[in-house]
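Undergrad: This is the structure, below, for whatever I ask next.
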Amino acid sequence: MRYIKSFIIICLTFIQQANAQQKSDDKKEINTIINQYSESVIKRDSVAFYTLFNDGIVTWCAAIKDKSQAKEAAQKGADKARSNYFSSSYKDFLRGLFKYESTEDKFDNIHIITDGTVATVTMDYSFWANNKMTNWGGKYLTLIKRDGKWKITSVIYSLELLPYFEQPSLSKRQKDKKLQLL
């Protein structure tokens, strides 16, 4: 009986370690996708960028944060301020980058949760055009593992407009996120 218990404990330990290793490998692969995403934006490489996304419908939408929306409405007039929400596609996003001489989407404060088949990524971002930050906020990706490869199924993000609000330091943003979780 003692040998059976020992065997079961060894098997469970092995399974737990194998699952932990798989999650670690998945997180590395997802981090690679995030890096490829950022690099594709810098290079404006549509072939590399498009391969990161799932076939079919991919949600791409954003909302301007209330503070920036209020400042813009006050500055431009409520009737001339843009809508606080927009929806597009990852292809339209990439095509829109060509109006700038240079672009970059910088990410930090990245958190990945996965069960090996689906994943969510939360991160802070700042978008740069012509070497100047234009907006920043939170970006949320969902991914699925399809045919052994991770693919992005949605990109949802908030925008704080830089002319109105500076991006806080990473340490302040990390502290604010911890407070939100409480």
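In the structure tokens, chains take letters A, B, ... by order of appearance, with residues numbered from 1 within each chain and ligands from 1 in the order shown.
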Pull the closest atom pair for each residue of segment 59-169 of chain A that gets at most 10 Å from segment 33-39 of chain A, along with the distance in Å to one decimal, counting only C-alpha atoms, ordering rows by chain and then ascending residue number, as a tab-separated table.
TA:
```
residue	atom	partner	partner_atom	distance
A:Thr103	CA	A:Ser38	CA	9.6
A:Glu104	CA	A:Ser38	CA	6.8
A:Asp105	CA	A:Ser38	CA	5.6
A:Lys106	CA	A:Ser38	CA	6.8
A:Phe107	CA	A:Ser38	CA	8.0
A:Ile110	CA	A:Ile34	CA	9.5
A:Val121	CA	A:Ile34	CA	9.2
A:Leu141	CA	A:Ile34	CA	9.6
A:Trp150	CA	A:Ile33	CA	8.0
A:Lys151	CA	A:Ile33	CA	8.4
A:Ile152	CA	A:Ile33	CA	8.8
```
Undergrad: Please produce an output containing C-alpha atoms for each residue in the selection, written as a PDB file, in the first residue's frame.
TA:
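To be explicit, this is the file written out as part.pdb:
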```pdb
ATOM      1  CA  THR A 103       5.778  54.180 -35.664  1.00  0.00           C
ATOM      2  CA  GLU A 104       6.220  52.130 -32.528  1.00  0.00           C
ATOM      3  CA  ASP A 105       3.885  50.408 -30.077  1.00  0.00           C
ATOM      4  CA  LYS A 106       5.760  50.010 -26.777  1.00  0.00           C
ATOM      5  CA  PHE A 107       4.541  47.513 -24.166  1.00  0.00           C
ATOM      6  CA  ILE A 110       2.704  42.600 -19.257  1.00  0.00           C
ATOM      7  CA  VAL A 121      -2.665  39.285 -22.080  1.00  0.00           C
ATOM      8  CA  LEU A 141      -5.332  40.657 -26.122  1.00  0.00           C
ATOM      9  CA  TRP A 150      -0.983  30.951 -30.778  1.00  0.00           C
ATOM     10  CA  LYS A 151      -3.162  33.421 -32.700  1.00  0.00           C
ATOM     11  CA  ILE A 152      -4.616  36.757 -31.577  1.00  0.00           C
TER      12      ILE A 152
END
```
Undergrad: Quick one: pick out all strand (DSSP E) residues within chain A from a backbone DSSP run and write them as number ranges by chain.
TA: A: 59-64, 85-87, 103-114, 118-129, 132-146, 149-161
Undergrad: Could you pull out the alpha helix (DSSP H) residues of segment 1-168 of chain A from DSSP and send them as JSON, numbers by chain?
TA: {"A": [2, 3, 4, 5, 6, 7, 8, 9, 10, 11, 12, 13, 14, 15, 16, 17, 18, 19, 20, 21, 22, 23, 24, 25, 26, 27, 28, 29, 30, 31, 32, 33, 34, 35, 36, 37, 38, 39, 40, 41, 42, 43, 46, 47, 48, 49, 50, 66, 67, 68, 69, 70, 71, 72, 73, 74, 75, 76, 90, 91, 92, 93, 94, 95, 96]}
Undergrad: To one decimal in Å, tell me the separation between atom CA of Arg82 of chain A and atom CA of Lys65 of chain A.
TA: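 The value is 12.2 Å.
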Undergrad: Considering only C-alpha atoms, state which residue in the set A:Val155, A:Ile57, A:Ala81, A:Leu52 is at the smallest distance from Glu29 of chain A.
TA: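 Of A:Val155, A:Ile57, A:Ala81, A:Leu52, the one nearest Glu29 of chain A is A:Leu52, counting only C-alpha atoms.
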Undergrad: Which of these, A:Ser126, A:Asp55, A:Gln180, A:Ser171, has the shortest distance to Thr153 of chain A once you count only C-alpha atoms?
TA: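 When distances to Thr153 of chain A are compared using only C-alpha atoms, the smallest one comes from A:Asp55.
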Undergrad: Can you list, as a ChimeraX atom specification, every protein, DNA or RNA residue that comes within 9 Å of Trp136 of chain A when you count only C-alpha atoms, leaving out same-chain residues fewer than 6 positions away?
TA: /A:124-128,158-162,166-167
Undergrad: Using only C-alpha atoms, which of A:Ser102, A:Ser154, A:Ser83, A:Thr114 sits nearest Asn130 of chain A?
TA: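 Checking each of A:Ser102, A:Ser154, A:Ser83, A:Thr114 against Asn130 of chain A, counting only C-alpha atoms, the winner is A:Ser102.
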Undergrad: Taking 5 positions as the minimum chain separation for residues in the same chain, which residues sit within 12 Å of Ser87 of chain A when counting only C-alpha atoms? Answer as a ChimeraX atom specification.
TA: /A:58-64,92-93,154-158
Undergrad: Name all residues at most 9 Å from Leu170 of chain A (count only C-alpha atoms; drop same-chain ones fewer than 4 positions away) and give them as a list in words.
TA: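 Answer for this query is Asp108, Asn109, Asp124, Gln174 and Lys175 of chain A.
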